[in-house]
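Trainee: Quick one: the structure is below, and I'll ask about it shortly.
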Amino acid sequence: MQRSQLPPSRAAPIFPPIMSRTLAPRRYGTVNWIGLWTLYRKEVRRFWTVATQTVLAPMVTTLLFLAVFVLALGRGANAVGGVSYMEFLAPGLIMMAMTQNAFANTSSSLLIAKIQGNIVDLLMPPLSPVETTLALALGGLTRGVVVGVATAAAIWVFVPLTVAEPFFLVFHAVMASLMLAQIGVLAGIACDKFDHLAGITNFVVTPLAFLSGTFYSTERLPEIAQVLAHLNPFFYMIDGFRYGMIGHADGSLLLGIVTLTGVNAALLLINYRGFKTGWRLKA
Amino acid sequence: MTRIGRVRRFGAVNWLGLRTLAWRESSRGLKDYNYQVLGPVISSLLYLAIFHLAMTSIGWSGERSLLDFIAPGLIIFVACEKAFENACGSFIFDKHERVIADLLMAPLSALERVMGYLSGASLAGIVVGGAVAIVSLLFARLGLHDLGALLFFGLMGTILHALIGILVGIWAERWDSFSAVHTFLLLPLSFLSGLFYRVENLPELGQAIIRFNPVFYVIDGFRYGMTGEAVAPLLTGALVLSLVNLTLFALAWHWFRRGYRLKP
């Protein structure tokens, strides 16, 4: 009713001036920062809305592991790496919680999107393969770090935590979370069913994380077990992170930094290729 | 065709229906054995391996037989987890996929339904527990001290978890509830029940509190069946577990009869 009362010249501007400018392709510059930031925020909100499951649950599980190992082994344990077994165990448990959650975030995000069919929302927007990979991986990295901080705070109630080398602490926390987040992206791309993902979690990620020196020092293991442990990239992230906390490392720190950087770069390349070619993503 | 008008008669118990339901329940939890059986087996092997390696690396000066102590607990723990997952997962899945009507329409009484789910989930748990027992021989020496206690507490444990699974499954509407109950209730109950450590290592208060945890009696009694050592009197354990299981069973039966959260 009101619209008809307007003078015709003002009622029907067919192309408002602003539209004519948007008919040209939009330009983003080298990086689509808005797109990158939006996808990242979506990934963070995705886990934050269910923080009970994604942050509180790993915290509780980690505390249970700490209690169990200390109660079972605490009595017969000697000092490990110059500190008590509890202080030795704490960084390993924090790191394990971080990596498992970084992996879970990216892999489940991609797989659920695939199963529910809304993966096109990820493939259609004007994001380059690198931007997509990075936004997803940074989301997983954020979950890892948030879980790490929460877990550390909970453990701190029971075990005195120290920071010996802040650089190593932060570097390994970030690189390890990023690495597992990227493995999660790869797993999410490769898997088609929840069973496949459960298989990768059960048979690859958990064994590598468990057998990487979280719960024990490799120094006093038999020769062959030491060699095997040092071939596992997960070993370096836990070893370096622990060095950041207690100032003692089992393996070579330089080798650890090189390995983590190399593996992360390789994974970025692989995931880039995955999104670029649309392997298992596009029809 | 001529018989179509007549009502079928089952006798007092619909054995065929009960058997079918129990079989469906256990086979849906075992048929994808690469994940559903091998997965728990691998993770319990990992537990044993890290305990073994941790003991080596810290220069363990305590008793040598810690792994022999842990293994029985681990076997019954995995069996119980499986029983819970099986029962609870079935309900939530069926509710989500809207095929729960297949269960409600079938000519089964409430009692038969509880029994069907219960035996299916317990059977799946026992199969997985058996698989874990075989592979844990790699790390630990398993003995047999008292077969009666082993069977009794093994059954009581899986039945307890299957009943919790049924109740949570009926009550829950989303998968979130499943993982919440698992992480915040069952995992703490199991992990803090003397599964991995001796109860004597706990402070006094902890030793008193643990006696209110039914899972403690499951693990204690089951371990007695294998190694012959128990912390609590077996009779107490048997009584507590029977009482808890009966209560939960009655509640599940009641819920089925009323159609609580199952029927509109």
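Order determines the names: the first chain of the structure tokens is A, the second B, and so forth; residues in each chain are numbered 1 upward, and ligands are numbered 1 upward as they are shown.
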Could you give me, as a ChimeraX atom specification, each residue of segment 192-252 of chain B that DSSP assigns to helix (DSSP H, G or I) when run on this structure's backbone?

Mentor: /B:199-201,204-212,214-227,234-252

Trainee: Can you tell me which residues surround Leu268 of chain A at a distance of at most 12 Å, considering only C-alpha atoms, apart from same-chain residues fewer than 6 positions away, and format the answer as JSON, numbers by chain?

Mentor: {"A": [129, 130, 131, 132, 133, 134, 135, 136, 137, 138, 178, 179, 180, 181, 182, 183, 184, 185, 186, 261, 262, 274, 275, 276]}

Trainee: Which residues of chain B are close to chain A, meaning at most 8 Å apart when you count only C-alpha atoms, and how do they look as an MDAnalysis selection string?

Mentor: chainID B and resid 35 39 42:43 46 50 53:62 176 179:180 183:184 187:188 191:192 196:198 201:202

Trainee: What would the file look like if the residues just selected were written as a PDB file, in the first residue's frame with N, CA and C atoms?

Mentor:
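Just written: out36.pdb:
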ATOM      1  N   TYR B  35      36.822 -53.473  12.499  1.00  0.00           N
ATOM      2  CA  TYR B  35      36.799 -52.324  13.383  1.00  0.00           C
ATOM      3  C   TYR B  35      36.242 -52.699  14.742  1.00  0.00           C
ATOM      4  N   GLY B  39      39.629 -53.432  16.597  1.00  0.00           N
ATOM      5  CA  GLY B  39      39.884 -52.123  17.201  1.00  0.00           C
ATOM      6  C   GLY B  39      40.135 -52.218  18.696  1.00  0.00           C
ATOM      7  N   ILE B  42      43.378 -54.115  19.456  1.00  0.00           N
ATOM      8  CA  ILE B  42      44.590 -53.320  19.259  1.00  0.00           C
ATOM      9  C   ILE B  42      44.766 -52.337  20.404  1.00  0.00           C
ATOM     10  N   SER B  43      43.676 -51.681  20.831  1.00  0.00           N
ATOM     11  CA  SER B  43      43.889 -50.673  21.877  1.00  0.00           C
ATOM     12  C   SER B  43      44.270 -51.329  23.198  1.00  0.00           C
ATOM     13  N   LEU B  46      47.830 -52.029  23.028  1.00  0.00           N
ATOM     14  CA  LEU B  46      48.596 -50.798  23.231  1.00  0.00           C
ATOM     15  C   LEU B  46      48.748 -50.486  24.711  1.00  0.00           C
ATOM     16  N   ILE B  50      52.338 -50.128  26.412  1.00  0.00           N
ATOM     17  CA  ILE B  50      52.891 -48.934  27.049  1.00  0.00           C
ATOM     18  C   ILE B  50      53.198 -49.178  28.520  1.00  0.00           C
ATOM     19  N   LEU B  53      56.529 -50.973  28.375  1.00  0.00           N
ATOM     20  CA  LEU B  53      57.628 -50.066  28.040  1.00  0.00           C
ATOM     21  C   LEU B  53      57.871 -49.057  29.154  1.00  0.00           C
ATOM     22  N   ALA B  54      56.788 -48.564  29.748  1.00  0.00           N
ATOM     23  CA  ALA B  54      56.958 -47.599  30.837  1.00  0.00           C
ATOM     24  C   ALA B  54      57.693 -48.239  32.007  1.00  0.00           C
ATOM     25  N   MET B  55      57.352 -49.505  32.305  1.00  0.00           N
ATOM     26  CA  MET B  55      58.029 -50.196  33.399  1.00  0.00           C
ATOM     27  C   MET B  55      59.506 -50.378  33.102  1.00  0.00           C
ATOM     28  N   THR B  56      59.808 -50.721  31.832  1.00  0.00           N
ATOM     29  CA  THR B  56      61.212 -50.861  31.452  1.00  0.00           C
ATOM     30  C   THR B  56      61.936 -49.534  31.607  1.00  0.00           C
ATOM     31  N   SER B  57      61.301 -48.467  31.124  1.00  0.00           N
ATOM     32  CA  SER B  57      62.022 -47.204  31.029  1.00  0.00           C
ATOM     33  C   SER B  57      62.193 -46.533  32.384  1.00  0.00           C
ATOM     34  N   ILE B  58      61.280 -46.735  33.321  1.00  0.00           N
ATOM     35  CA  ILE B  58      61.469 -46.065  34.607  1.00  0.00           C
ATOM     36  C   ILE B  58      62.274 -46.924  35.565  1.00  0.00           C
ATOM     37  N   GLY B  59      62.798 -48.042  35.076  1.00  0.00           N
ATOM     38  CA  GLY B  59      63.570 -48.898  35.962  1.00  0.00           C
ATOM     39  C   GLY B  59      62.697 -49.418  37.081  1.00  0.00           C
ATOM     40  N   TRP B  60      61.565 -49.977  36.706  1.00  0.00           N
ATOM     41  CA  TRP B  60      60.544 -50.455  37.631  1.00  0.00           C
ATOM     42  C   TRP B  60      61.146 -51.323  38.720  1.00  0.00           C
ATOM     43  N   SER B  61      60.930 -50.909  39.962  1.00  0.00           N
ATOM     44  CA  SER B  61      61.485 -51.705  41.054  1.00  0.00           C
ATOM     45  C   SER B  61      60.392 -52.414  41.840  1.00  0.00           C
ATOM     46  N   GLY B  62      59.135 -52.214  41.413  1.00  0.00           N
ATOM     47  CA  GLY B  62      58.035 -52.876  42.110  1.00  0.00           C
ATOM     48  C   GLY B  62      57.931 -54.323  41.675  1.00  0.00           C
ATOM     49  N   ASP B 176      25.477 -37.279  21.244  1.00  0.00           N
ATOM     50  CA  ASP B 176      26.221 -36.553  22.269  1.00  0.00           C
ATOM     51  C   ASP B 176      26.045 -37.190  23.637  1.00  0.00           C
ATOM     52  N   SER B 179      28.267 -40.238  24.070  1.00  0.00           N
ATOM     53  CA  SER B 179      29.676 -40.001  24.404  1.00  0.00           C
ATOM     54  C   SER B 179      29.814 -39.313  25.755  1.00  0.00           C
ATOM     55  N   ALA B 180      28.824 -38.502  26.131  1.00  0.00           N
ATOM     56  CA  ALA B 180      28.912 -37.853  27.448  1.00  0.00           C
ATOM     57  C   ALA B 180      28.881 -38.898  28.557  1.00  0.00           C
ATOM     58  N   THR B 183      32.236 -40.820  28.498  1.00  0.00           N
ATOM     59  CA  THR B 183      33.430 -40.116  28.974  1.00  0.00           C
ATOM     60  C   THR B 183      33.322 -39.697  30.430  1.00  0.00           C
ATOM     61  N   PHE B 184      32.147 -39.218  30.820  1.00  0.00           N
ATOM     62  CA  PHE B 184      32.059 -38.613  32.144  1.00  0.00           C
ATOM     63  C   PHE B 184      31.555 -39.568  33.213  1.00  0.00           C
ATOM     64  N   LEU B 187      33.877 -44.232  31.842  1.00  0.00           N
ATOM     65  CA  LEU B 187      35.340 -44.277  31.811  1.00  0.00           C
ATOM     66  C   LEU B 187      35.936 -43.985  33.188  1.00  0.00           C
ATOM     67  N   PRO B 188      35.477 -42.919  33.878  1.00  0.00           N
ATOM     68  CA  PRO B 188      35.980 -42.712  35.248  1.00  0.00           C
ATOM     69  C   PRO B 188      35.668 -43.892  36.174  1.00  0.00           C
ATOM     70  N   PHE B 191      38.173 -46.656  35.073  1.00  0.00           N
ATOM     71  CA  PHE B 191      39.585 -46.345  35.269  1.00  0.00           C
ATOM     72  C   PHE B 191      39.926 -46.200  36.750  1.00  0.00           C
ATOM     73  N   LEU B 192      38.967 -45.724  37.536  1.00  0.00           N
ATOM     74  CA  LEU B 192      39.252 -45.522  38.957  1.00  0.00           C
ATOM     75  C   LEU B 192      38.735 -46.678  39.803  1.00  0.00           C
ATOM     76  N   PHE B 196      43.912 -50.700  36.652  1.00  0.00           N
ATOM     77  CA  PHE B 196      45.337 -50.679  36.315  1.00  0.00           C
ATOM     78  C   PHE B 196      46.242 -50.664  37.546  1.00  0.00           C
ATOM     79  N   TYR B 197      45.674 -50.372  38.706  1.00  0.00           N
ATOM     80  CA  TYR B 197      46.545 -50.232  39.875  1.00  0.00           C
ATOM     81  C   TYR B 197      45.940 -50.987  41.049  1.00  0.00           C
ATOM     82  N   ARG B 198      46.767 -51.236  42.040  1.00  0.00           N
ATOM     83  CA  ARG B 198      46.290 -51.903  43.237  1.00  0.00           C
ATOM     84  C   ARG B 198      45.561 -50.904  44.120  1.00  0.00           C
ATOM     85  N   ASN B 201      47.270 -48.847  46.747  1.00  0.00           N
ATOM     86  CA  ASN B 201      48.029 -47.645  46.413  1.00  0.00           C
ATOM     87  C   ASN B 201      47.230 -46.373  46.631  1.00  0.00           C
ATOM     88  N   LEU B 202      45.913 -46.517  46.783  1.00  0.00           N
ATOM     89  CA  LEU B 202      45.071 -45.337  46.964  1.00  0.00           C
ATOM     90  C   LEU B 202      45.193 -44.825  48.392  1.00  0.00           C
TER      91      LEU B 202
END

Trainee: Could you pull the residues within 6 Å of segment 157-166 of chain A, counting only C-alpha atoms, minus those fewer than 6 positions along the same chain, as a PDB file with N, CA, C and O atoms, in the first residue's frame?

Mentor:
ATOM      1  N   GLY A 244      60.744 -28.458  26.212  1.00  0.00           N
ATOM      2  CA  GLY A 244      60.265 -27.116  26.549  1.00  0.00           C
ATOM      3  C   GLY A 244      59.782 -27.012  27.982  1.00  0.00           C
ATOM      4  O   GLY A 244      59.852 -25.954  28.588  1.00  0.00           O
ATOM      5  N   MET A 245      59.298 -28.125  28.528  1.00  0.00           N
ATOM      6  CA  MET A 245      58.777 -28.073  29.904  1.00  0.00           C
ATOM      7  C   MET A 245      59.818 -28.429  30.954  1.00  0.00           C
ATOM      8  O   MET A 245      59.970 -27.727  31.939  1.00  0.00           O
ATOM      9  N   ILE A 246      60.503 -29.557  30.759  1.00  0.00           N
ATOM     10  CA  ILE A 246      61.400 -30.000  31.830  1.00  0.00           C
ATOM     11  C   ILE A 246      62.869 -29.828  31.486  1.00  0.00           C
ATOM     12  O   ILE A 246      63.738 -30.086  32.321  1.00  0.00           O
ATOM     13  N   GLY A 247      63.166 -29.390  30.241  1.00  0.00           N
ATOM     14  CA  GLY A 247      64.554 -29.145  29.889  1.00  0.00           C
ATOM     15  C   GLY A 247      65.371 -30.396  29.662  1.00  0.00           C
ATOM     16  O   GLY A 247      66.597 -30.378  29.785  1.00  0.00           O
TER      17      GLY A 247
END

Trainee: Can you tell me, as a PyMOL selection string, what residues are no more than 8 Å from Ala90 of chain A when counting only C-alpha atoms, ignoring any on the same chain fewer than 2 positions away?

Mentor: chain A and resi 66+86-88+92-94+155+159+161

Trainee: What does the distance between atom CA of Lys31 of chain B and atom CA of Pro72 of chain B come to in Å, to one decimal place?

Mentor: 25.2 Å

Trainee: With a distance cut-off of 8 Å and only C-alpha atoms, select the neighbouring residues of Gly237 of chain B, excluding the residue or stretch itself and same-chain residues fewer than 4 positions from it, and output the selection as a list of chain:residue names.

Mentor: B:Pro214, B:Tyr217, B:Val218, B:Gly221, B:Ala232, B:Pro233, B:Leu241

Trainee: For the atom pair atom CA of Ile238 of chain A and atom CA of Leu36 of chain A, what is the interatomic distance in Å to one decimal place?

Mentor: 29.7 Å

Trainee: What lies within 10 Å of Val55 of chain A using only C-alpha atoms, ignoring chain neighbours under 3 positions off, as a ChimeraX atom specification?

Mentor: /A:47-48,50-52,58-60,97-98,101,143-144,146-151

Trainee: For the residues in the current selection, export N, CA and C atoms as a short mmCIF file (atom, residue, chain, number, x, y, z; two decimals), in the first residue's frame.

Mentor:
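Final output, selection.cif:
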data_model
loop_
_atom_site.label_atom_id
_atom_site.label_comp_id
_atom_site.auth_asym_id
_atom_site.auth_seq_id
_atom_site.Cartn_x
_atom_site.Cartn_y
_atom_site.Cartn_z
N PHE A 47 33.64 -26.58 16.86
CA PHE A 47 33.97 -27.33 18.08
C PHE A 47 33.61 -26.57 19.34
N TRP A 48 33.61 -25.24 19.26
CA TRP A 48 33.39 -24.49 20.49
C TRP A 48 31.94 -24.59 20.98
N VAL A 50 30.20 -27.18 21.06
CA VAL A 50 30.07 -28.42 21.83
C VAL A 50 31.31 -28.62 22.68
N ALA A 51 31.70 -27.57 23.40
CA ALA A 51 32.96 -27.59 24.16
C ALA A 51 32.97 -28.69 25.22
N THR A 52 31.81 -29.09 25.69
CA THR A 52 31.79 -30.16 26.69
C THR A 52 32.44 -31.41 26.12
N PRO A 58 38.30 -34.36 26.64
CA PRO A 58 39.72 -34.72 26.64
C PRO A 58 40.43 -34.35 27.94
N MET A 59 39.96 -33.28 28.57
CA MET A 59 40.55 -32.89 29.85
C MET A 59 40.35 -34.00 30.89
N VAL A 60 39.11 -34.48 30.97
CA VAL A 60 38.79 -35.52 31.95
C VAL A 60 39.58 -36.80 31.63
N ALA A 97 46.79 -35.18 24.15
CA ALA A 97 45.45 -34.61 24.05
C ALA A 97 45.38 -33.60 22.91
N MET A 98 46.42 -32.78 22.79
CA MET A 98 46.42 -31.77 21.73
C MET A 98 46.35 -32.40 20.35
N ASN A 101 43.07 -34.23 19.41
CA ASN A 101 41.95 -33.34 19.14
C ASN A 101 42.14 -32.54 17.87
N ARG A 143 41.90 -25.89 17.93
CA ARG A 143 41.32 -26.86 18.86
C ARG A 143 42.42 -27.52 19.67
N GLY A 144 43.52 -27.91 18.99
CA GLY A 144 44.63 -28.54 19.69
C GLY A 144 45.17 -27.65 20.79
N VAL A 146 43.74 -25.03 22.28
CA VAL A 146 42.76 -24.80 23.35
C VAL A 146 42.71 -26.00 24.29
N VAL A 147 42.66 -27.20 23.70
CA VAL A 147 42.64 -28.41 24.53
C VAL A 147 43.93 -28.50 25.34
N GLY A 148 45.05 -28.16 24.72
CA GLY A 148 46.33 -28.21 25.42
C GLY A 148 46.34 -27.30 26.63
N VAL A 149 45.87 -26.07 26.45
CA VAL A 149 45.87 -25.12 27.57
C VAL A 149 44.93 -25.61 28.67
N ALA A 150 43.73 -26.08 28.26
CA ALA A 150 42.77 -26.55 29.27
C ALA A 150 43.33 -27.75 30.03
N THR A 151 43.94 -28.69 29.29
CA THR A 151 44.49 -29.88 29.93
C THR A 151 45.63 -29.51 30.87
#
